[in-house]
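Encoded as structure tokens, the structure appears first; notes follow it.
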Amino acid sequence: MTVRIGVLTSGGDAQGMNAAVRAVVRAGIQAGAEVFGIHEGWQGAVDGGDQIRRLEWDDVGNVLARGGTVIGTARCAAFRERDGRKRAALNLITHGIDRIIVIGGDGSLTGTDRLREEWPAFVAELADAGEITAEQAERHAQLVIAGLVGSIDNDMVGTDMTIGTDSALHRITEAIDAISSTAASHQRSFVVEVMGRHCGYLAVMSAIAGAADYVLIPESPPADDWKQHMSHVLRQSRRAGRRTSIVVIAEGTQDRQGNPITPEDVRAVLADEMGEDARVTILGHVQRGGTPSAYDRWMATMLGHAAVGEVLRGDREPQLVAVRGNRPTFMPLMEAVAATRRVASLIEEGRYDEAMAARGRSFVQMTQAFHQLSEARPDAEPLEDCRQIGVLHCGGLAPGMNATAAAVIRLGIDRGHEMFGVHGGFPGLIDGDIRRLGWGDVEGWTASGGANLGTRRTIPTEEDLYALSRSIETSGLDALIIIGGFNAYRALTLIHAERKRFPALRLPIVVVPCSIDNNLPGLQMAVGADTALNVAVSSVDLIKMSASAAKRAFVVETMGRHCGFLTLTTGVAVGAERVYLHEDGITIADLKTDIDAMVEGFRSGRSFYLAIRNEEASPFYTTDLITRMFEAEGRGEFSVRGSVLGHVQQGGAPSPFDRINGVRLASQAMQWVTEQLASGADQHVFVTPDGMRDVRDLDELVDWQARRPLEQWWLELKPVLHDLTRTPGVASAPGSLTGRGARPTTMER
């Protein structure tokens, strides 16, 4: 008897749910199961009939770019009652379904687990009443479930991110950016309310990404003097030259006495304390809508794929399929739900430090980083033994460089340092193109693309080191913060190797990772990689639309040099049929297999085919050559177009994540430099989310010839793409749906 899996989305909708549904359906089919969509959430299970329908491969085509959920969702009052759950059990058994994957919030997951607990009793009662046969009762004696969290609030304990959160953050940040521009024109204040109930994640992260001045969240209610404190922070910001004041508030915020703090309360404070003509913007359900971000597509796809493997095993208690360090991981479902609900209790009991800690280390760190930036003193007096710190870029342009540099500079000023911007990378440093930067000099940098300090790929040669050391001496720099990519790491190793010859190079130096290629060691995501990925995904979305009127294949080239991160994650996020990576190379045998499958697909009714090629996947089989080979073998049955995305991937405003990541890493770098200067140390290090790593560690972490780390976490997406895009009916690769998930890691996205 073929295994049957049911999939449903329940509760509030969240961008990325469709990616998860698609992954469940296609991974299930590849594994030999039949997958049924339960429409309108648990209401569809209670109603039965055509609300429970088998889903085929093509039923979930072209859904990755769609918001909401194509199988519908609802809050079902009947399912809260025992009789309703019993009807749901009857309808599921009638359809032969005893394995369920639920995509929803803690309420939906709790209700699902209750059905699982009651299932044996329901089976017995239904069999006794003759509503199911004895054979059905024996075959479906147990219900196996797995849960994915679909919630824009990111409020589930135990997972780095929930499906929909990143997309919601995109909507909020876009709104704050737009509000900031009009607010600056009128020198006006705005109060922006975001969703979150008992969770301040969206508020804190959007405040960082939008360079807001103040944030109010449920987990950490403000002190009793919050009105005066907020007014002081905003006045200080205005004195520094800022023309706007932005306050972000989560919808569930209260004071320490449990009284709600509303956007109108904040507006009144700004009017009474500062005489500001403040305006309120409540974003509401716009945060749930729109096209899902690249992250919500590939992350939800990865989790949906893992959930199928989990329910097919069915050999342990119900699991939450979570994400840690960009890998799927598992934890007992109700343990995660209980820990999540406990946060609300901690807030109610006034145990705020515990509530913050329960949200995780990253949340605490970023909340602290925001306060450091928003409350930093623009007019801070330099220390008596003031130190001069230089900031420069090295390597290719990466969106988020400006956000990172701005955070470094303002945090340095607050600590009493003098901050100097080096223009034009190492050549600029050698030429002495160094200027002191003040608080107002970096106003507006957070949301801007490009690199206002300029960047060069040039690294010092041995012949340059004398001039470099002389420039450092002449300018009086006491420390260097290098924001850049692979060449920055190369430069760091060269400087470290020659520090004995040139005493001026014996100063603290730290590299902060920025690269669209995401080819840097010791971290999950470099600043800039997420923006480049979103640009690539948006571009391919448009390309797919252009092909809707005719049979057409596309070969799209992404950047990345010898690192296939952009290529593979774009492929997963857009549903490509084939990706070509430098890590794998390309052979004529590969191309023949792909061409044969493509031609057969078009003859069988396919109207579109998409291949994505890393720019250096092969020096011989170029994008143009592959395009012409596909066109030749199509023999007029379909057309083929090539598209090179090029440097558009380096442009545009940085994504919310790249802004947040830049601030996080900048905060770590400035804290380390301050400690080094205080202790008189002169180490050379690079930043990772887990702390600093010594430059001497690089040889153990990096393939210098290929210019990429030895461990590339994203290669674990290869079997996911393999299972979801190959011709249905062909057996899955051994082990692709049987893994237990990768080891947990503290390196969070």
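Following the order of the structure tokens, chains are lettered A, B, ..., residues in each are numbered from 1, and ligands are numbered from 1.
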Mind checking which residues fall within 12 Å of Glu473 in chain A, counting only C-alpha atoms, ignoring those fewer than 6 positions away in the same chain, and posting them as a PyMOL selection string?
chain A and resi 388+429-430+432+466-467+479+502-507
Write the residues of the preceding selection, restricted to all heavy atoms, as a short mmCIF file (atom, residue, chain, number, x, y, z; two decimals), in the first residue's frame.
```cif
data_model
loop_
_atom_site.label_atom_id
_atom_site.label_comp_id
_atom_site.auth_asym_id
_atom_site.auth_seq_id
_atom_site.Cartn_x
_atom_site.Cartn_y
_atom_site.Cartn_z
N GLN A 388 43.48 56.48 17.06
CA GLN A 388 42.99 56.73 15.70
C GLN A 388 42.84 55.40 14.97
O GLN A 388 43.78 54.61 14.87
CB GLN A 388 43.96 57.65 14.96
CG GLN A 388 44.10 59.00 15.63
CD GLN A 388 44.97 59.97 14.85
OE1 GLN A 388 44.93 61.16 15.08
NE2 GLN A 388 45.76 59.47 13.92
N LEU A 429 45.23 54.01 1.01
CA LEU A 429 46.00 54.05 2.25
C LEU A 429 47.47 54.36 1.96
O LEU A 429 48.11 55.17 2.65
CB LEU A 429 45.87 52.71 2.98
CG LEU A 429 46.62 52.57 4.31
CD1 LEU A 429 46.24 53.67 5.29
CD2 LEU A 429 46.37 51.19 4.92
N ILE A 430 48.02 53.74 0.93
CA ILE A 430 49.42 53.99 0.56
C ILE A 430 49.61 55.44 0.13
O ILE A 430 50.62 56.08 0.47
CB ILE A 430 49.85 53.02 -0.55
CG1 ILE A 430 49.91 51.59 0.00
CG2 ILE A 430 51.19 53.43 -1.15
CD1 ILE A 430 50.12 50.53 -1.06
N GLY A 432 47.88 57.94 1.16
CA GLY A 432 47.52 58.87 2.23
C GLY A 432 46.16 59.52 2.05
O GLY A 432 45.91 60.59 2.63
N TYR A 466 56.63 48.72 2.29
CA TYR A 466 57.36 49.83 2.90
C TYR A 466 56.50 51.10 2.85
O TYR A 466 56.35 51.80 3.86
CB TYR A 466 58.69 50.07 2.19
CG TYR A 466 59.41 51.29 2.71
CD1 TYR A 466 60.06 51.27 3.95
CD2 TYR A 466 59.43 52.47 1.96
CE1 TYR A 466 60.71 52.41 4.43
CE2 TYR A 466 60.07 53.61 2.44
CZ TYR A 466 60.71 53.57 3.68
OH TYR A 466 61.34 54.69 4.15
N ALA A 467 55.94 51.36 1.66
CA ALA A 467 55.10 52.56 1.51
C ALA A 467 53.86 52.46 2.40
O ALA A 467 53.41 53.45 2.98
CB ALA A 467 54.69 52.74 0.05
N ALA A 479 45.02 51.41 14.65
CA ALA A 479 44.35 50.14 14.35
C ALA A 479 43.70 50.26 12.98
O ALA A 479 43.40 51.37 12.52
CB ALA A 479 43.31 49.80 15.41
N PHE A 502 58.46 45.12 9.27
CA PHE A 502 57.93 46.49 9.28
C PHE A 502 57.16 46.71 10.58
O PHE A 502 55.99 46.33 10.70
CB PHE A 502 57.00 46.71 8.08
CG PHE A 502 57.67 46.48 6.75
CD1 PHE A 502 57.51 45.28 6.08
CD2 PHE A 502 58.48 47.46 6.19
CE1 PHE A 502 58.12 45.06 4.86
CE2 PHE A 502 59.11 47.24 4.97
CZ PHE A 502 58.94 46.04 4.30
N PRO A 503 57.78 47.32 11.58
CA PRO A 503 57.15 47.50 12.89
C PRO A 503 55.82 48.24 12.83
O PRO A 503 54.95 48.00 13.68
CB PRO A 503 58.20 48.31 13.66
CG PRO A 503 59.50 47.95 13.01
CD PRO A 503 59.18 47.78 11.56
N ALA A 504 55.62 49.12 11.84
CA ALA A 504 54.36 49.87 11.75
C ALA A 504 53.17 48.95 11.50
O ALA A 504 52.01 49.34 11.73
CB ALA A 504 54.46 50.92 10.65
N LEU A 505 53.44 47.73 11.01
CA LEU A 505 52.35 46.78 10.75
C LEU A 505 51.94 46.02 12.01
O LEU A 505 51.00 45.22 11.96
CB LEU A 505 52.76 45.79 9.66
CG LEU A 505 53.16 46.40 8.31
CD1 LEU A 505 53.52 45.30 7.33
CD2 LEU A 505 52.05 47.28 7.76
N ARG A 506 52.64 46.29 13.11
CA ARG A 506 52.29 45.63 14.37
C ARG A 506 51.23 46.46 15.10
O ARG A 506 51.48 47.09 16.13
CB ARG A 506 53.54 45.47 15.24
CG ARG A 506 54.62 44.61 14.62
CD ARG A 506 55.88 44.62 15.47
NE ARG A 506 57.01 44.05 14.77
CZ ARG A 506 58.27 44.15 15.16
NH1 ARG A 506 58.56 44.81 16.29
NH2 ARG A 506 59.25 43.62 14.46
N LEU A 507 50.06 46.48 14.53
CA LEU A 507 48.92 47.17 15.12
C LEU A 507 47.70 46.27 14.96
O LEU A 507 47.68 45.39 14.10
CB LEU A 507 48.68 48.52 14.45
CG LEU A 507 48.05 48.58 13.05
CD1 LEU A 507 47.69 50.02 12.71
CD2 LEU A 507 48.93 47.99 11.98
#
```
Contacts of range 215-223 of chain A within 6 Å, only C-alpha atoms, excl. fewer than 4 positions in-chain, as a count of residues only:
13
If we count only C-alpha atoms and set the cut-off at 7 Å, which residues sit around Phe420 in chain A, ignoring sequence neighbours fewer than 2 positions away in its own chain? Please answer as a CSV table (one decimal) with all heavy atoms, in the first residue's frame.
```
chain,number,residue,atom,x,y,z
A,389,ILE,N,41.6,55.2,14.5
A,389,ILE,CA,41.3,53.9,13.8
A,389,ILE,C,40.9,54.2,12.4
A,389,ILE,O,40.1,55.0,12.1
A,389,ILE,CB,40.1,53.2,14.5
A,389,ILE,CG1,40.5,53.0,16.0
A,389,ILE,CG2,39.8,51.9,13.8
A,389,ILE,CD1,39.3,52.4,16.8
A,390,GLY,N,41.6,53.5,11.5
A,390,GLY,CA,41.3,53.6,10.0
A,390,GLY,C,40.3,52.5,9.6
A,390,GLY,O,40.4,51.4,10.0
A,391,VAL,N,39.4,52.9,8.7
A,391,VAL,CA,38.4,52.0,8.1
A,391,VAL,C,38.6,52.0,6.6
A,391,VAL,O,38.6,53.1,6.0
A,391,VAL,CB,37.0,52.4,8.5
A,391,VAL,CG1,36.0,51.4,8.0
A,391,VAL,CG2,36.8,52.5,10.0
A,418,GLU,N,39.0,58.4,17.5
A,418,GLU,CA,38.9,59.2,16.3
A,418,GLU,C,38.9,58.2,15.1
A,418,GLU,O,39.8,57.4,15.0
A,418,GLU,CB,40.1,60.2,16.2
A,418,GLU,CG,40.1,61.3,17.2
A,418,GLU,CD,41.1,62.3,17.0
A,418,GLU,OE1,42.2,61.9,16.4
A,418,GLU,OE2,41.0,63.4,17.4
A,422,VAL,N,39.5,55.6,5.0
A,422,VAL,CA,40.5,55.4,3.9
A,422,VAL,C,39.8,55.3,2.6
A,422,VAL,O,39.0,54.3,2.4
A,422,VAL,CB,41.4,54.2,4.2
A,422,VAL,CG1,42.5,54.1,3.1
A,422,VAL,CG2,42.1,54.3,5.6
A,434,ILE,N,43.3,59.7,3.4
A,434,ILE,CA,42.7,59.4,4.6
A,434,ILE,C,42.0,60.6,5.2
A,434,ILE,O,42.7,61.7,5.3
A,434,ILE,CB,43.7,58.8,5.6
A,434,ILE,CG1,44.5,57.7,5.0
A,434,ILE,CG2,43.1,58.4,6.9
A,434,ILE,CD1,45.7,57.2,5.8
A,435,ARG,N,40.7,60.5,5.6
A,435,ARG,CA,40.0,61.7,6.1
A,435,ARG,C,39.3,61.3,7.4
A,435,ARG,O,38.7,60.2,7.5
A,435,ARG,CB,39.0,62.2,5.1
A,435,ARG,CG,39.6,62.5,3.8
A,435,ARG,CD,38.5,62.8,2.7
A,435,ARG,NE,39.0,62.6,1.4
A,435,ARG,CZ,38.3,62.5,0.3
A,435,ARG,NH1,37.0,62.7,0.4
A,435,ARG,NH2,38.8,62.3,-0.9
A,436,ARG,N,39.3,62.2,8.4
A,436,ARG,CA,38.6,62.0,9.6
A,436,ARG,C,37.1,62.1,9.3
A,436,ARG,O,36.6,62.9,8.6
A,436,ARG,CB,39.0,63.0,10.6
A,436,ARG,CG,38.3,62.8,12.0
A,436,ARG,CD,38.8,63.7,13.1
A,436,ARG,NE,38.1,63.5,14.3
A,436,ARG,CZ,38.4,64.2,15.4
A,436,ARG,NH1,39.3,65.1,15.4
A,436,ARG,NH2,37.7,63.9,16.5
A,437,LEU,N,36.3,61.2,9.9
A,437,LEU,CA,34.9,61.1,9.7
A,437,LEU,C,34.2,61.4,11.0
A,437,LEU,O,34.5,60.8,12.1
A,437,LEU,CB,34.5,59.7,9.2
A,437,LEU,CG,35.0,59.4,7.8
A,437,LEU,CD1,34.6,57.9,7.4
A,437,LEU,CD2,34.4,60.3,6.7
```
Env of Arg456 in chain A: 6 Å cut, atoms = only C-alpha atoms, seq-sep filter 2 positions within chain, self excluded. Answer as an MDAnalysis selection string.
chainID A and resid 394:395 425 458
Pick out each residue of range 70-228 of chain A that DSSP on the backbone tags as strand (DSSP E or B); I need them as JSON, numbers by chain.
{"A": [99, 100, 101, 102, 103, 104, 144, 145, 146, 147, 148, 149, 150, 163, 189, 190, 191, 192, 193, 194, 214, 215, 216]}
Polymer residues at most 8 Å from Arg75 in chain A, only C-alpha atoms, same-chain spacing of 5 or more positions, as a list in words:
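Here the answer would be Ser10, Gly11, Gly12, Gly41, Trp42 and Gln43 of chain A.
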Contact residues around range 604-614 of chain A with only C-alpha atoms at 7 Å, ignoring same-chain residues under 4 positions, as a PDB file with N, CA and C atoms, in the first residue's frame:
```pdb
ATOM      1  N   ALA A 550       5.550  31.344 -24.810  1.00  0.00           N
ATOM      2  CA  ALA A 550       6.127  30.457 -25.822  1.00  0.00           C
ATOM      3  C   ALA A 550       6.950  29.374 -25.149  1.00  0.00           C
ATOM      4  N   LYS A 551       7.191  28.289 -25.877  1.00  0.00           N
ATOM      5  CA  LYS A 551       8.085  27.252 -25.372  1.00  0.00           C
ATOM      6  C   LYS A 551       9.517  27.781 -25.415  1.00  0.00           C
ATOM      7  N   ARG A 552      10.131  27.845 -24.259  1.00  0.00           N
ATOM      8  CA  ARG A 552      11.449  28.470 -24.226  1.00  0.00           C
ATOM      9  C   ARG A 552      12.289  27.909 -23.092  1.00  0.00           C
ATOM     10  N   ALA A 553      13.577  27.803 -23.354  1.00  0.00           N
ATOM     11  CA  ALA A 553      14.556  27.442 -22.331  1.00  0.00           C
ATOM     12  C   ALA A 553      15.480  28.629 -22.110  1.00  0.00           C
ATOM     13  N   PHE A 554      15.941  28.769 -20.885  1.00  0.00           N
ATOM     14  CA  PHE A 554      16.877  29.839 -20.555  1.00  0.00           C
ATOM     15  C   PHE A 554      18.108  29.257 -19.879  1.00  0.00           C
ATOM     16  N   VAL A 555      19.256  29.823 -20.221  1.00  0.00           N
ATOM     17  CA  VAL A 555      20.502  29.547 -19.513  1.00  0.00           C
ATOM     18  C   VAL A 555      20.930  30.872 -18.888  1.00  0.00           C
ATOM     19  N   VAL A 556      20.891  30.941 -17.573  1.00  0.00           N
ATOM     20  CA  VAL A 556      21.167  32.182 -16.853  1.00  0.00           C
ATOM     21  C   VAL A 556      22.503  32.059 -16.137  1.00  0.00           C
ATOM     22  N   GLU A 557      23.350  33.068 -16.293  1.00  0.00           N
ATOM     23  CA  GLU A 557      24.664  33.061 -15.648  1.00  0.00           C
ATOM     24  C   GLU A 557      24.670  33.993 -14.444  1.00  0.00           C
ATOM     25  N   THR A 558      25.113  33.479 -13.304  1.00  0.00           N
ATOM     26  CA  THR A 558      25.273  34.285 -12.100  1.00  0.00           C
ATOM     27  C   THR A 558      26.759  34.509 -11.824  1.00  0.00           C
ATOM     28  N   MET A 559      27.048  35.456 -10.957  1.00  0.00           N
ATOM     29  CA  MET A 559      28.418  35.695 -10.516  1.00  0.00           C
ATOM     30  C   MET A 559      28.790  34.655  -9.453  1.00  0.00           C
ATOM     31  N   GLY A 560      29.989  34.790  -8.885  1.00  0.00           N
ATOM     32  CA  GLY A 560      30.421  33.859  -7.856  1.00  0.00           C
ATOM     33  C   GLY A 560      31.827  33.332  -8.037  1.00  0.00           C
ATOM     34  N   GLY A 564      29.971  28.423  -5.860  1.00  0.00           N
ATOM     35  CA  GLY A 564      28.647  28.262  -6.455  1.00  0.00           C
ATOM     36  C   GLY A 564      27.482  28.659  -5.586  1.00  0.00           C
ATOM     37  N   THR A 567      24.700  30.537  -7.425  1.00  0.00           N
ATOM     38  CA  THR A 567      24.092  29.684  -8.448  1.00  0.00           C
ATOM     39  C   THR A 567      23.144  28.666  -7.834  1.00  0.00           C
ATOM     40  N   GLY A 571      19.090  28.692  -7.798  1.00  0.00           N
ATOM     41  CA  GLY A 571      18.405  27.566  -8.426  1.00  0.00           C
ATOM     42  C   GLY A 571      17.315  26.981  -7.555  1.00  0.00           C
ATOM     43  N   ALA A 576      14.953  25.988 -10.562  1.00  0.00           N
ATOM     44  CA  ALA A 576      15.686  25.651 -11.788  1.00  0.00           C
ATOM     45  C   ALA A 576      15.749  24.142 -11.974  1.00  0.00           C
ATOM     46  N   GLU A 577      15.778  23.729 -13.233  1.00  0.00           N
ATOM     47  CA  GLU A 577      15.910  22.306 -13.537  1.00  0.00           C
ATOM     48  C   GLU A 577      17.350  21.823 -13.416  1.00  0.00           C
ATOM     49  N   ARG A 578      18.305  22.735 -13.616  1.00  0.00           N
ATOM     50  CA  ARG A 578      19.711  22.327 -13.614  1.00  0.00           C
ATOM     51  C   ARG A 578      20.576  23.492 -13.168  1.00  0.00           C
ATOM     52  N   VAL A 579      21.593  23.208 -12.380  1.00  0.00           N
ATOM     53  CA  VAL A 579      22.595  24.216 -12.047  1.00  0.00           C
ATOM     54  C   VAL A 579      23.968  23.659 -12.399  1.00  0.00           C
ATOM     55  N   TYR A 580      24.849  24.559 -12.837  1.00  0.00           N
ATOM     56  CA  TYR A 580      26.211  24.180 -13.182  1.00  0.00           C
ATOM     57  C   TYR A 580      27.165  24.941 -12.265  1.00  0.00           C
ATOM     58  N   LEU A 581      27.917  24.194 -11.458  1.00  0.00           N
ATOM     59  CA  LEU A 581      28.791  24.776 -10.455  1.00  0.00           C
ATOM     60  C   LEU A 581      30.255  24.528 -10.790  1.00  0.00           C
ATOM     61  N   HIS A 582      31.114  25.449 -10.369  1.00  0.00           N
ATOM     62  CA  HIS A 582      32.547  25.229 -10.513  1.00  0.00           C
ATOM     63  C   HIS A 582      32.977  24.035  -9.686  1.00  0.00           C
ATOM     64  N   GLU A 600      13.136  15.758 -24.277  1.00  0.00           N
ATOM     65  CA  GLU A 600      12.028  14.859 -23.965  1.00  0.00           C
ATOM     66  C   GLU A 600      10.951  15.587 -23.175  1.00  0.00           C
ATOM     67  N   THR A 623      28.422  30.011 -21.085  1.00  0.00           N
ATOM     68  CA  THR A 623      26.975  30.219 -21.148  1.00  0.00           C
ATOM     69  C   THR A 623      26.513  30.308 -22.597  1.00  0.00           C
TER      70      THR A 623
END
```
Any idea what's packed within 12 Å of Asp464 in chain A, counting only C-alpha atoms, ignoring anything in its chain fewer than 5 positions away? Could you give it as a PyMOL selection string?
chain A and resi 426-427+429-431+458-459+469-471+491+494-495+498+502
Taking only residues of range 494-586 of chain A that have an atom at most 9 Å from an atom of range 662-667 of chain A, what is each one's shortest atom pair and its distance in Å to one decimal, using only C-alpha atoms, in chain and number order, as a tab-separated table?
```
residue	atom	partner	partner_atom	distance
A:Val512	CA	A:Leu665	CA	6.6
A:Pro513	CA	A:Leu665	CA	8.2
A:Cys514	CA	A:Gly662	CA	8.3
A:Ala526	CA	A:Gly662	CA	8.6
A:Val527	CA	A:Gly662	CA	5.9
A:Gly528	CA	A:Gly662	CA	8.8
```
